[in-house]
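S.K.: Following this line is entry_6.cif, made up of mmCIF, C-alpha atoms:
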data_upload
#
loop_
_atom_site.group_PDB
_atom_site.id
_atom_site.type_symbol
_atom_site.label_atom_id
_atom_site.label_comp_id
_atom_site.auth_asym_id
_atom_site.auth_seq_id
_atom_site.Cartn_x
_atom_site.Cartn_y
_atom_site.Cartn_z
ATOM 1 C CA MET M 185 -9.558 -79.426 43.503
ATOM 2 C CA ASN M 186 -8.091 -78.261 46.786
ATOM 3 C CA PHE M 187 -8.405 -74.798 48.261
ATOM 4 C CA ARG M 188 -4.902 -73.663 47.263
ATOM 5 C CA LEU M 189 -5.446 -74.521 43.574
ATOM 6 C CA ARG M 190 -8.793 -72.727 43.552
ATOM 7 C CA LEU M 191 -7.169 -69.710 45.169
ATOM 8 C CA LEU M 192 -4.380 -69.761 42.558
ATOM 9 C CA LEU M 193 -6.848 -69.839 39.665
ATOM 10 C CA ALA M 194 -8.937 -67.082 41.195
ATOM 11 C CA ILE M 195 -5.926 -64.811 41.561
ATOM 12 C CA LEU M 196 -4.825 -65.490 37.965
ATOM 13 C CA LEU M 197 -8.291 -64.728 36.616
ATOM 14 C CA ALA M 198 -8.549 -61.593 38.750
ATOM 15 C CA VAL M 199 -5.255 -60.338 37.315
ATOM 16 C CA LEU M 200 -5.263 -61.564 33.699
ATOM 17 C CA VAL M 201 -8.872 -60.807 32.683
ATOM 18 C CA PRO M 202 -8.728 -57.037 33.485
ATOM 19 C CA LEU M 203 -5.203 -56.890 32.062
ATOM 20 C CA GLY M 204 -6.289 -58.566 28.835
ATOM 21 C CA ALA M 205 -9.291 -56.255 28.473
ATOM 22 C CA LEU M 206 -7.082 -53.211 29.101
ATOM 23 C CA ALA M 207 -4.460 -54.394 26.613
ATOM 24 C CA PHE M 208 -7.103 -55.087 23.958
ATOM 25 C CA GLY M 209 -8.698 -51.654 24.415
ATOM 26 C CA ILE M 210 -5.387 -49.771 24.307
ATOM 27 C CA ARG M 211 -4.179 -51.738 21.277
ATOM 28 C CA ARG M 212 -7.424 -51.074 19.414
ATOM 29 C CA GLU M 213 -7.327 -47.352 20.188
ATOM 30 C CA MET M 214 -3.668 -47.036 19.191
ATOM 31 C CA ASP M 215 -4.323 -48.895 15.957
ATOM 32 C CA ARG M 216 -7.252 -46.592 15.156
ATOM 33 C CA ARG M 217 -5.288 -43.418 15.814
ATOM 34 C CA LEU M 218 -2.200 -44.709 14.022
ATOM 35 C CA THR M 219 -4.237 -45.627 10.940
ATOM 36 C CA ALA M 220 -6.045 -42.264 10.960
ATOM 37 C CA GLU M 221 -2.809 -40.250 11.228
ATOM 38 C CA TYR M 222 -1.207 -42.321 8.491
ATOM 39 C CA ALA M 223 -4.221 -41.811 6.204
ATOM 40 C CA GLU M 224 -4.108 -38.037 6.796
ATOM 41 C CA ARG M 225 -0.446 -37.897 5.821
ATOM 42 C CA VAL M 226 -1.056 -39.905 2.655
ATOM 43 C CA SER M 227 -4.062 -37.752 1.747
ATOM 44 C CA ALA M 228 -2.007 -34.581 2.199
ATOM 45 C CA MET M 229 0.709 -35.934 -0.095
ATOM 46 C CA ALA M 230 -1.898 -36.844 -2.709
ATOM 47 C CA GLU M 231 -3.105 -33.237 -2.681
ATOM 48 C CA VAL M 232 0.482 -32.080 -3.178
ATOM 49 C CA ILE M 233 0.773 -34.281 -6.258
ATOM 50 C CA GLU M 234 -2.437 -32.859 -7.707
ATOM 51 C CA SER M 235 -1.074 -29.376 -7.065
ATOM 52 C CA ASP M 236 2.168 -30.340 -8.846
ATOM 53 C CA LEU M 237 0.152 -31.419 -11.865
ATOM 54 C CA VAL M 238 -1.656 -28.079 -11.980
ATOM 55 C CA GLY M 239 1.680 -26.277 -11.634
ATOM 56 C CA GLU M 240 3.226 -28.171 -14.543
ATOM 57 C CA ARG M 241 0.220 -27.316 -16.692
ATOM 58 C CA GLY M 242 0.826 -23.646 -15.954
ATOM 59 C CA ASN M 243 4.551 -23.981 -16.739
ATOM 60 C CA ILE M 244 3.853 -25.553 -20.134
ATOM 61 C CA ASP M 245 1.254 -22.900 -20.934
ATOM 62 C CA ALA M 246 3.729 -20.129 -20.109
ATOM 63 C CA ARG M 247 6.436 -21.620 -22.345
ATOM 64 C CA LEU M 248 4.077 -22.149 -25.273
ATOM 65 C CA ASN M 249 2.668 -18.655 -24.865
ATOM 66 C CA ALA M 250 6.166 -17.179 -25.027
ATOM 67 C CA LEU M 251 7.019 -19.214 -28.141
ATOM 68 C CA ALA M 252 3.748 -18.199 -29.816
ATOM 69 C CA ALA M 253 4.495 -14.528 -29.174
ATOM 70 C CA ASP M 254 8.006 -14.891 -30.623
ATOM 71 C CA LEU M 255 6.744 -16.698 -33.737
ATOM 72 C CA ALA M 256 4.108 -14.044 -34.375
ATOM 73 C CA ARG M 257 6.955 -11.482 -34.621
ATOM 74 C CA ASP M 258 9.479 -13.707 -36.431
ATOM 75 C CA ASN M 259 9.983 -12.432 -39.987
ATOM 76 C CA ARG M 260 11.972 -15.492 -41.084
ATOM 77 C CA PHE M 261 9.123 -17.744 -39.961
ATOM 78 C CA ARG M 262 6.667 -15.487 -41.792
ATOM 79 C CA LEU M 263 8.672 -15.746 -45.028
ATOM 80 C CA ALA M 264 9.016 -19.526 -44.641
ATOM 81 C CA VAL M 265 5.274 -20.184 -44.258
ATOM 82 C CA LEU M 266 4.511 -17.792 -47.116
ATOM 83 C CA GLY M 267 6.610 -19.959 -49.440
ATOM 84 C CA ALA M 268 10.074 -18.435 -49.462
ATOM 85 C CA GLY M 269 12.238 -21.468 -50.254
ATOM 86 C CA SER M 270 15.406 -19.916 -48.834
ATOM 87 C CA HIS M 271 13.865 -19.971 -45.352
ATOM 88 C CA ARG M 272 12.470 -23.526 -45.407
ATOM 89 C CA GLN M 273 15.497 -24.921 -43.567
ATOM 90 C CA TYR M 274 14.946 -22.370 -40.786
ATOM 91 C CA LEU M 275 11.346 -23.533 -40.473
ATOM 92 C CA LEU M 276 12.291 -27.233 -40.271
ATOM 93 C CA ASP M 277 14.924 -26.602 -37.592
ATOM 94 C CA TYR M 278 12.959 -24.077 -35.535
ATOM 95 C CA ALA M 279 11.052 -26.507 -33.277
ATOM 96 C CA SER M 280 14.168 -28.444 -32.313
ATOM 97 C CA GLY M 281 16.035 -25.367 -31.099
ATOM 98 C CA ALA M 282 12.988 -23.851 -29.419
ATOM 99 C CA MET M 283 12.205 -27.124 -27.646
ATOM 100 C CA SER M 284 15.686 -27.301 -26.156
ATOM 101 C CA LEU M 285 15.712 -23.681 -25.047
ATOM 102 C CA SER M 286 12.264 -23.868 -23.443
ATOM 103 C CA GLY M 287 12.916 -27.140 -21.607
ATOM 104 C CA LEU M 288 10.136 -29.043 -23.372
ATOM 105 C CA SER M 289 10.301 -32.709 -24.369
ATOM 106 C CA MET M 290 7.866 -32.404 -27.291
ATOM 107 C CA LEU M 291 7.103 -29.538 -29.638
ATOM 108 C CA GLN M 292 5.167 -29.286 -32.897
ATOM 109 C CA ILE M 293 4.067 -26.429 -35.103
ATOM 110 C CA GLN M 294 1.015 -27.139 -37.284
ATOM 111 C CA ASP M 295 -0.930 -25.105 -39.779
ATOM 112 C CA SER M 296 -4.711 -24.800 -39.821
ATOM 113 C CA THR M 297 -5.117 -28.090 -41.748
ATOM 114 C CA GLY M 298 -3.151 -30.103 -39.181
ATOM 115 C CA ARG M 299 -0.032 -30.359 -41.355
ATOM 116 C CA ILE M 300 3.175 -30.448 -39.303
ATOM 117 C CA LEU M 301 5.489 -27.599 -40.304
ATOM 118 C CA SER M 302 8.225 -28.264 -37.751
ATOM 119 C CA SER M 303 8.745 -30.948 -35.098
ATOM 120 C CA GLY M 304 11.322 -30.737 -32.340
ATOM 121 C CA HIS M 305 11.127 -34.275 -30.958
ATOM 122 C CA PHE M 306 11.094 -35.936 -34.421
ATOM 123 C CA ARG M 307 12.333 -33.700 -37.204
ATOM 124 C CA ASN M 308 11.227 -35.982 -40.049
ATOM 125 C CA GLU M 309 7.544 -35.568 -39.145
ATOM 126 C CA PHE M 310 7.302 -32.404 -41.239
ATOM 127 C CA ASP M 311 4.495 -32.357 -43.831
ATOM 128 C CA ARG M 312 2.602 -35.160 -42.080
ATOM 129 C CA LEU M 313 -1.061 -34.567 -41.271
ATOM 130 C CA GLN M 314 -1.923 -34.908 -37.587
ATOM 131 C CA PRO M 315 -5.065 -32.807 -36.976
ATOM 132 C CA GLU M 316 -6.359 -35.100 -34.188
ATOM 133 C CA LEU M 317 -3.825 -33.756 -31.696
ATOM 134 C CA PRO M 318 -4.781 -30.039 -31.608
ATOM 135 C CA HIS M 319 -8.479 -30.923 -31.872
ATOM 136 C CA LEU M 320 -8.314 -33.114 -28.760
ATOM 137 C CA LEU M 321 -6.267 -30.569 -26.829
ATOM 138 C CA ALA M 322 -8.654 -27.744 -27.750
ATOM 139 C CA SER M 323 -11.453 -29.672 -26.013
ATOM 140 C CA THR M 324 -9.448 -30.185 -22.795
ATOM 141 C CA GLU M 325 -8.557 -26.631 -21.837
ATOM 142 C CA SER M 326 -8.797 -27.297 -18.087
ATOM 143 C CA THR M 327 -6.258 -30.119 -18.035
ATOM 144 C CA MET M 328 -3.387 -31.717 -19.909
ATOM 145 C CA ALA M 329 -3.481 -34.735 -22.203
ATOM 146 C CA LEU M 330 -1.131 -37.689 -22.320
ATOM 147 C CA VAL M 331 0.195 -38.283 -25.823
ATOM 148 C CA ARG M 332 2.101 -41.310 -27.085
ATOM 149 C CA THR M 333 4.263 -40.468 -30.062
ATOM 150 C CA ARG M 334 7.759 -41.222 -31.342
ATOM 151 C CA THR M 335 11.277 -39.875 -31.433
ATOM 152 C CA PRO M 336 14.027 -41.107 -33.764
ATOM 153 C CA GLU M 337 15.216 -43.509 -31.044
ATOM 154 C CA ALA M 338 12.095 -44.697 -29.222
ATOM 155 C CA GLU M 339 8.502 -43.913 -28.356
ATOM 156 C CA LEU M 340 7.707 -40.869 -26.232
ATOM 157 C CA LEU M 341 5.034 -40.238 -23.607
ATOM 158 C CA ALA M 342 4.392 -36.566 -22.962
ATOM 159 C CA LEU M 343 1.930 -34.431 -21.030
ATOM 160 C CA VAL M 344 0.974 -31.790 -23.564
ATOM 161 C CA ARG M 345 -0.861 -28.496 -23.937
ATOM 162 C CA VAL M 346 -1.774 -26.398 -26.957
ATOM 163 C CA ASP M 347 -1.458 -22.735 -27.927
ATOM 164 C CA SER M 348 -2.064 -20.821 -31.130
ATOM 165 C CA PHE M 349 -0.966 -17.704 -32.983
ATOM 166 C CA ARG M 350 -1.571 -15.911 -36.276
ATOM 167 C CA VAL M 351 0.906 -14.924 -38.960
ATOM 168 C CA ALA M 352 -0.110 -13.096 -42.136
ATOM 169 C CA GLY M 353 -3.773 -13.748 -41.352
ATOM 170 C CA ARG M 354 -3.240 -17.512 -41.057
ATOM 171 C CA HIS M 355 -3.852 -19.629 -37.973
ATOM 172 C CA TYR M 356 -1.087 -21.857 -36.565
ATOM 173 C CA THR M 357 -0.965 -24.221 -33.616
ATOM 174 C CA LEU M 358 1.781 -24.973 -31.102
ATOM 175 C CA VAL M 359 1.682 -28.328 -29.289
ATOM 176 C CA GLY M 360 4.247 -28.851 -26.548
ATOM 177 C CA GLY M 361 4.764 -30.939 -23.458
ATOM 178 C CA ILE M 362 7.068 -32.612 -20.967
ATOM 179 C CA ARG M 363 7.847 -36.179 -20.042
ATOM 180 C CA PRO M 364 5.783 -37.110 -16.956
ATOM 181 C CA GLU M 365 8.727 -38.776 -15.252
ATOM 182 C CA ALA M 366 10.636 -35.500 -15.331
ATOM 183 C CA ARG M 367 8.885 -33.971 -12.295
ATOM 184 C CA LEU M 368 5.734 -35.885 -11.401
ATOM 185 C CA LEU M 369 6.507 -39.580 -10.995
ATOM 186 C CA ASN M 370 8.072 -41.040 -7.848
ATOM 187 C CA GLN M 371 9.942 -38.047 -6.508
ATOM 188 C CA PRO M 372 12.269 -38.940 -3.568
ATOM 189 C CA SER M 373 10.833 -36.058 -1.509
ATOM 190 C CA ARG M 374 7.514 -37.901 -1.251
ATOM 191 C CA GLY M 375 9.037 -40.720 0.772
ATOM 192 C CA GLN M 376 9.256 -44.431 0.199
ATOM 193 C CA ASP M 377 5.641 -45.202 1.090
ATOM 194 C CA LEU M 378 3.961 -42.992 -1.517
ATOM 195 C CA SER M 379 4.352 -43.535 -5.245
ATOM 196 C CA VAL M 380 2.766 -42.198 -8.412
ATOM 197 C CA ALA M 381 2.378 -44.266 -11.556
ATOM 198 C CA LEU M 382 0.983 -43.444 -14.971
ATOM 199 C CA VAL M 383 -1.573 -45.946 -16.233
ATOM 200 C CA TYR M 384 -2.701 -45.936 -19.860
ATOM 201 C CA PRO M 385 -3.901 -48.561 -22.342
ATOM 202 C CA GLY M 386 -1.193 -51.192 -22.684
ATOM 203 C CA ALA M 387 0.724 -50.160 -19.542
ATOM 204 C CA ALA M 388 1.569 -52.656 -16.791
ATOM 205 C CA ASN M 389 -0.526 -52.933 -13.640
ATOM 206 C CA VAL M 390 0.879 -50.839 -10.777
ATOM 207 C CA THR M 391 -1.102 -52.156 -7.815
ATOM 208 C CA SER M 392 -0.374 -55.198 -5.644
ATOM 209 C CA VAL M 393 -1.578 -56.770 -2.414
ATOM 210 C CA ALA M 394 0.988 -54.718 -0.486
ATOM 211 C CA THR M 395 -0.260 -51.349 -1.792
ATOM 212 C CA ARG M 396 -3.462 -49.342 -1.596
ATOM 213 C CA VAL M 397 -4.756 -46.825 -4.141
ATOM 214 C CA VAL M 398 -5.403 -43.487 -2.418
ATOM 215 C CA GLY M 399 -6.177 -41.308 -5.425
ATOM 216 C CA GLU M 400 -6.527 -41.156 -9.193
ATOM 217 C CA ILE M 401 -6.298 -38.249 -11.629
ATOM 218 C CA ALA M 402 -7.814 -38.915 -15.066
ATOM 219 C CA LEU M 403 -6.376 -37.367 -18.238
ATOM 220 C CA PRO M 404 -7.311 -37.714 -21.910
ATOM 221 C CA TYR M 405 -4.988 -40.085 -23.782
ATOM 222 C CA LEU M 406 -4.074 -39.940 -27.458
ATOM 223 C CA ASP M 407 -2.027 -42.691 -29.098
ATOM 224 C CA LEU M 408 -0.521 -41.274 -32.280
ATOM 225 C CA LEU M 409 1.318 -44.536 -33.003
ATOM 226 C CA SER M 410 -1.806 -46.648 -33.459
ATOM 227 C CA GLU M 411 -3.732 -47.013 -36.708
ATOM 228 C CA PRO M 412 -6.179 -45.373 -36.590
ATOM 229 C CA VAL M 413 -5.238 -42.847 -33.916
ATOM 230 C CA ALA M 414 -6.706 -44.043 -30.594
ATOM 231 C CA VAL M 415 -8.394 -41.738 -28.090
ATOM 232 C CA ASP M 416 -8.803 -43.096 -24.568
ATOM 233 C CA THR M 417 -8.246 -42.202 -20.909
ATOM 234 C CA SER M 418 -5.054 -42.342 -18.848
ATOM 235 C CA ARG M 419 -4.697 -41.982 -15.085
ATOM 236 C CA PHE M 420 -2.160 -40.877 -12.540
ATOM 237 C CA VAL M 421 -2.577 -43.549 -9.858
ATOM 238 C CA ILE M 422 -1.373 -42.558 -6.388
ATOM 239 C CA THR M 423 -0.619 -45.560 -4.166
ATOM 240 C CA HIS M 424 1.000 -46.059 -0.820
ATOM 241 C CA SER M 425 2.714 -49.103 0.572
ATOM 242 C CA LEU M 426 1.121 -50.874 3.529
ATOM 243 C CA LYS M 427 4.457 -52.294 4.696
ATOM 244 C CA THR M 428 5.318 -49.467 7.093
ATOM 245 C CA LEU M 429 1.854 -49.416 8.651
ATOM 246 C CA GLU M 430 1.851 -53.192 9.063
ATOM 247 C CA ALA M 431 5.316 -53.067 10.622
ATOM 248 C CA LEU M 432 4.105 -50.493 13.166
ATOM 249 C CA ARG M 433 1.096 -52.643 13.987
ATOM 250 C CA ARG M 434 3.259 -55.716 14.498
ATOM 251 C CA SER M 435 5.584 -53.739 16.760
ATOM 252 C CA VAL M 436 2.650 -52.572 18.920
ATOM 253 C CA ASP M 437 1.337 -56.153 19.098
ATOM 254 C CA ARG M 438 4.724 -57.492 20.197
ATOM 255 C CA TRP M 439 5.011 -54.950 23.009
ATOM 256 C CA PHE M 440 1.513 -55.697 24.292
ATOM 257 C CA LEU M 441 2.124 -59.429 24.120
ATOM 258 C CA ALA M 442 5.371 -59.026 26.038
ATOM 259 C CA ALA M 443 3.584 -56.923 28.677
ATOM 260 C CA VAL M 444 0.838 -59.546 29.087
ATOM 261 C CA VAL M 445 3.348 -62.401 29.378
ATOM 262 C CA ILE M 446 5.516 -60.597 31.936
ATOM 263 C CA THR M 447 2.528 -59.500 34.014
ATOM 264 C CA GLY M 448 1.046 -62.976 33.853
ATOM 265 C CA ALA M 449 4.323 -64.546 34.954
ATOM 266 C CA VAL M 450 4.624 -62.145 37.897
ATOM 267 C CA ALA M 451 0.999 -62.773 38.887
ATOM 268 C CA LEU M 452 1.494 -66.531 38.644
ATOM 269 C CA THR M 453 4.627 -66.364 40.795
ATOM 270 C CA LEU M 454 2.929 -64.264 43.454
ATOM 271 C CA ALA M 455 -0.173 -66.464 43.408
ATOM 272 C CA ALA M 456 1.903 -69.627 43.813
ATOM 273 C CA TRP M 457 3.840 -68.056 46.696
#
Please go through the file and, once you have read it, give me the structure as structure tokens.
M.R.:
Amino acid sequence: MNFRLRLLLAILLAVLVPLGALAFGIRREMDRRLTAEYAERVSAMAEVIESDLVGERGNIDARLNALAADLARDNRFRLAVLGAGSHRQYLLDYASGAMSLSGLSMLQIQDSTGRILSSGHFRNEFDRLQPELPHLLASTESTMALVRTRTPEAELLALVRVDSFRVAGRHYTLVGGIRPEARLLNQPSRGQDLSVALVYPGAANVTSVATRVVGEIALPYLDLLSEPVAVDTSRFVITHSLKTLEALRRSVDRWFLAAVVITGAVALTLAAW
């Protein structure tokens, strides 16, 4: 190996080794900061979703409370539950009209034995016994429950709450709720990277290799369509896509690679000269 070749190799090593170390260090630091900032944004959005869930619980409670107050003062309802046959039709139709006016997707009125007096989402449920629903909801005062039930056309999933009132010394229960997709699932304002899915027994898997679970919110689950009625747990699963983060990483890698190649070519040219 002659002197010129040794000199060429020495110059290349003197240029490329520090450059490679610098590029590796900068790339690693940028990747760390980029990942940390991305995780903070996702975590903040997850907290917003949890806050939305609490807000919807309060909205349902307020609507049921208003309906309970109206029913406690409703003389036609009082006459209907006391056995006045001329007011039975009013009782059967009450939940349907009240559900529409209050913006709920599910509404039931039950007596103290669990017998359905009026149902807004499925009118023909009247006189059925369904005591499991208010009993479960009474034990979950701090949260909502996911209920699977039916409408005349198809099955219904609803996030429900419970309220109660008294008429003529008798205890009655109001069960009402909203469809979760109405305000909580996959809102466009949350961006394309963050999504919320509802997982319950029998539902499809929502995770994949391109997503990462960043949060879960557990809720009681009651399946009124199974025999016997099944009590389990459902979850709001908050995931974010890794595609955007991986694309940013690949972009950073391409720029560093281009910088190394250009610098190496310039150093090689100067060394050869």
S.K.: With the file shown as input, list the residues that the PyMOL selection byres ((chain M and resi 283) around 12) selects, as a ChimeraX atom specification.
M.R.: /M:244,247-248,250-251,277-282,284-293,302-307,358-362
S.K.: Report as a PDB file with C-alpha atoms, in the coordinates of the input the full result of the PyMOL selection byres ((chain M and resi 421) around 7) when it is applied to this structure.
M.R.:
ATOM      1  CA  VAL M 380       2.766 -42.198  -8.412  1.00  0.00           C
ATOM      2  CA  ALA M 381       2.378 -44.266 -11.556  1.00  0.00           C
ATOM      3  CA  LEU M 382       0.983 -43.444 -14.971  1.00  0.00           C
ATOM      4  CA  VAL M 383      -1.573 -45.946 -16.233  1.00  0.00           C
ATOM      5  CA  VAL M 397      -4.756 -46.825  -4.141  1.00  0.00           C
ATOM      6  CA  GLY M 399      -6.177 -41.308  -5.425  1.00  0.00           C
ATOM      7  CA  GLU M 400      -6.527 -41.156  -9.193  1.00  0.00           C
ATOM      8  CA  ILE M 401      -6.298 -38.249 -11.629  1.00  0.00           C
ATOM      9  CA  ARG M 419      -4.697 -41.982 -15.085  1.00  0.00           C
ATOM     10  CA  PHE M 420      -2.160 -40.877 -12.540  1.00  0.00           C
ATOM     11  CA  ILE M 422      -1.373 -42.558  -6.388  1.00  0.00           C
ATOM     12  CA  THR M 423      -0.619 -45.560  -4.166  1.00  0.00           C
TER      13      THR M 423
END
S.K.: Between CA of Val344 (chain M) and CA of Thr327 (chain M), what is the distance, to one decimal in Å?
M.R.: 9.3 Å
S.K.: At a cut-off of 10 Å, using only C-alpha atoms, what residues contact Leu301 (chain M)? Leave out same-chain residues fewer than 4 positions from it and give the result as a list in words.
M.R.: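 My reading of the contact set: Ala264, Val265, Arg272, Leu275, Leu276, Asp277, Tyr278, Ala279, Gln292, Ile293, Gln294, Asp295, Arg307, Glu309, Phe310, Asp311, Arg312, Leu313, Tyr356 and Thr357 of chain M.
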S.K.: Please write as a PyMOL selection string the full residue list that the PyMOL selection byres ((chain M and resi 316) around 9) yields on this file.
M.R.: chain M and resi 298+313-315+317-321+406+408+413
S.K.: Could the residues in this selection be saved with C-alpha atoms as a PDB file, keeping the file's coordinate frame?
M.R.:
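Final output, saved to result-v2.pdb:
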ATOM      1  CA  GLY M 298      -3.151 -30.103 -39.181  1.00  0.00           C
ATOM      2  CA  LEU M 313      -1.061 -34.567 -41.271  1.00  0.00           C
ATOM      3  CA  GLN M 314      -1.923 -34.908 -37.587  1.00  0.00           C
ATOM      4  CA  PRO M 315      -5.065 -32.807 -36.976  1.00  0.00           C
ATOM      5  CA  LEU M 317      -3.825 -33.756 -31.696  1.00  0.00           C
ATOM      6  CA  PRO M 318      -4.781 -30.039 -31.608  1.00  0.00           C
ATOM      7  CA  HIS M 319      -8.479 -30.923 -31.872  1.00  0.00           C
ATOM      8  CA  LEU M 320      -8.314 -33.114 -28.760  1.00  0.00           C
ATOM      9  CA  LEU M 321      -6.267 -30.569 -26.829  1.00  0.00           C
ATOM     10  CA  LEU M 406      -4.074 -39.940 -27.458  1.00  0.00           C
ATOM     11  CA  LEU M 408      -0.521 -41.274 -32.280  1.00  0.00           C
ATOM     12  CA  VAL M 413      -5.238 -42.847 -33.916  1.00  0.00           C
TER      13      VAL M 413
END
S.K.: What is the CA of Thr297 (chain M) to CA of Arg354 (chain M) distance in Å?
M.R.: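 So the answer is 10.8 Å.
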S.K.: Could you check which residues have any atom within 12 Å of (-5.5, -44.6, -30.1), counting all atoms listed in the file with coordinates taken straight from the file, and then list them as a PyMOL selection string?
M.R.: chain M and resi 316-317+320+330-333+384-386+404-418
S.K.: Could the residues in this selection be written to a file with C-alpha atoms, as a PDB file, keeping the file's coordinate frame?
M.R.:
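Below you can see selection16.pdb, which holds the result:
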ATOM      1  CA  GLU M 316      -6.359 -35.100 -34.188  1.00  0.00           C
ATOM      2  CA  LEU M 317      -3.825 -33.756 -31.696  1.00  0.00           C
ATOM      3  CA  LEU M 320      -8.314 -33.114 -28.760  1.00  0.00           C
ATOM      4  CA  LEU M 330      -1.131 -37.689 -22.320  1.00  0.00           C
ATOM      5  CA  VAL M 331       0.195 -38.283 -25.823  1.00  0.00           C
ATOM      6  CA  ARG M 332       2.101 -41.310 -27.085  1.00  0.00           C
ATOM      7  CA  THR M 333       4.263 -40.468 -30.062  1.00  0.00           C
ATOM      8  CA  TYR M 384      -2.701 -45.936 -19.860  1.00  0.00           C
ATOM      9  CA  PRO M 385      -3.901 -48.561 -22.342  1.00  0.00           C
ATOM     10  CA  GLY M 386      -1.193 -51.192 -22.684  1.00  0.00           C
ATOM     11  CA  PRO M 404      -7.311 -37.714 -21.910  1.00  0.00           C
ATOM     12  CA  TYR M 405      -4.988 -40.085 -23.782  1.00  0.00           C
ATOM     13  CA  LEU M 406      -4.074 -39.940 -27.458  1.00  0.00           C
ATOM     14  CA  ASP M 407      -2.027 -42.691 -29.098  1.00  0.00           C
ATOM     15  CA  LEU M 408      -0.521 -41.274 -32.280  1.00  0.00           C
ATOM     16  CA  LEU M 409       1.318 -44.536 -33.003  1.00  0.00           C
ATOM     17  CA  SER M 410      -1.806 -46.648 -33.459  1.00  0.00           C
ATOM     18  CA  GLU M 411      -3.732 -47.013 -36.708  1.00  0.00           C
ATOM     19  CA  PRO M 412      -6.179 -45.373 -36.590  1.00  0.00           C
ATOM     20  CA  VAL M 413      -5.238 -42.847 -33.916  1.00  0.00           C
ATOM     21  CA  ALA M 414      -6.706 -44.043 -30.594  1.00  0.00           C
ATOM     22  CA  VAL M 415      -8.394 -41.738 -28.090  1.00  0.00           C
ATOM     23  CA  ASP M 416      -8.803 -43.096 -24.568  1.00  0.00           C
ATOM     24  CA  THR M 417      -8.246 -42.202 -20.909  1.00  0.00           C
ATOM     25  CA  SER M 418      -5.054 -42.342 -18.848  1.00  0.00           C
TER      26      SER M 418
END
S.K.: Padding 5 Å on every side, please: axis-aligned box over the listed atoms of region 418-428 of chain M, centre and edge lengths to one decimal in Å, as lines of an AutoDock Vina configuration file.
M.R.:
center_x = 0.1
center_y = -46.6
center_z = -5.9
size_x = 20.4
size_y = 21.4
size_z = 35.9
S.K.: Would you please work out which residue, of M:Val346, M:Leu432, M:Leu196, M:Leu263, is nearest to Asp245 (chain M) when using all atoms listed in the file?
M.R.: M:Val346
S.K.: Please tell me which residues are no farther than 6 Å from (3.1, -43.2, -2.3) in the file, counting all atoms listed in the file, and write them as a count of residues only.
M.R.: 5
S.K.: What does the distance from CA of Leu218 (chain M) to CA of Val444 (chain M) come to in Å, to one decimal?
M.R.: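 Interatomic distance, CA of Leu218 (chain M) to CA of Val444 (chain M): 21.4 Å.
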S.K.: Which residue gives the smallest distance to Arg241 (chain M) among M:Arg396, M:Arg262, M:Arg345, M:Arg433, with all atoms listed in the file counted?
M.R.: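 Comparing M:Arg396, M:Arg262, M:Arg345, M:Arg433 against Arg241 (chain M), the winner is M:Arg345.
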S.K.: Pick the closest to Thr447 (chain M) from M:Glu234, M:Leu200, M:Asn243, M:Glu325: which is it, counting all atoms listed in the file?
M.R.: M:Leu200
S.K.: Rank nothing, just name the residue among M:Ala228, M:Leu189, M:Val351, M:Val238 nearest to Val398 (chain M), using all atoms listed in the file.
M.R.: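 That would be M:Ala228, the residue with the smallest distance to Val398 (chain M).
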S.K.: Pick the closest to Asn249 (chain M) from M:Asp347, M:Met214, M:Val436, M:Pro336: which is it, counting all atoms listed in the file?
M.R.: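 Under the stated criterion, the closest residue is M:Asp347.
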S.K.: Here is a test: counting all atoms listed in the file, which residue of M:Arg188, M:Asp215, M:Ala256, M:Leu237 is nearest to Glu430 (chain M)?
M.R.: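 The answer is M:Asp215, which sits nearest to Glu430 (chain M).
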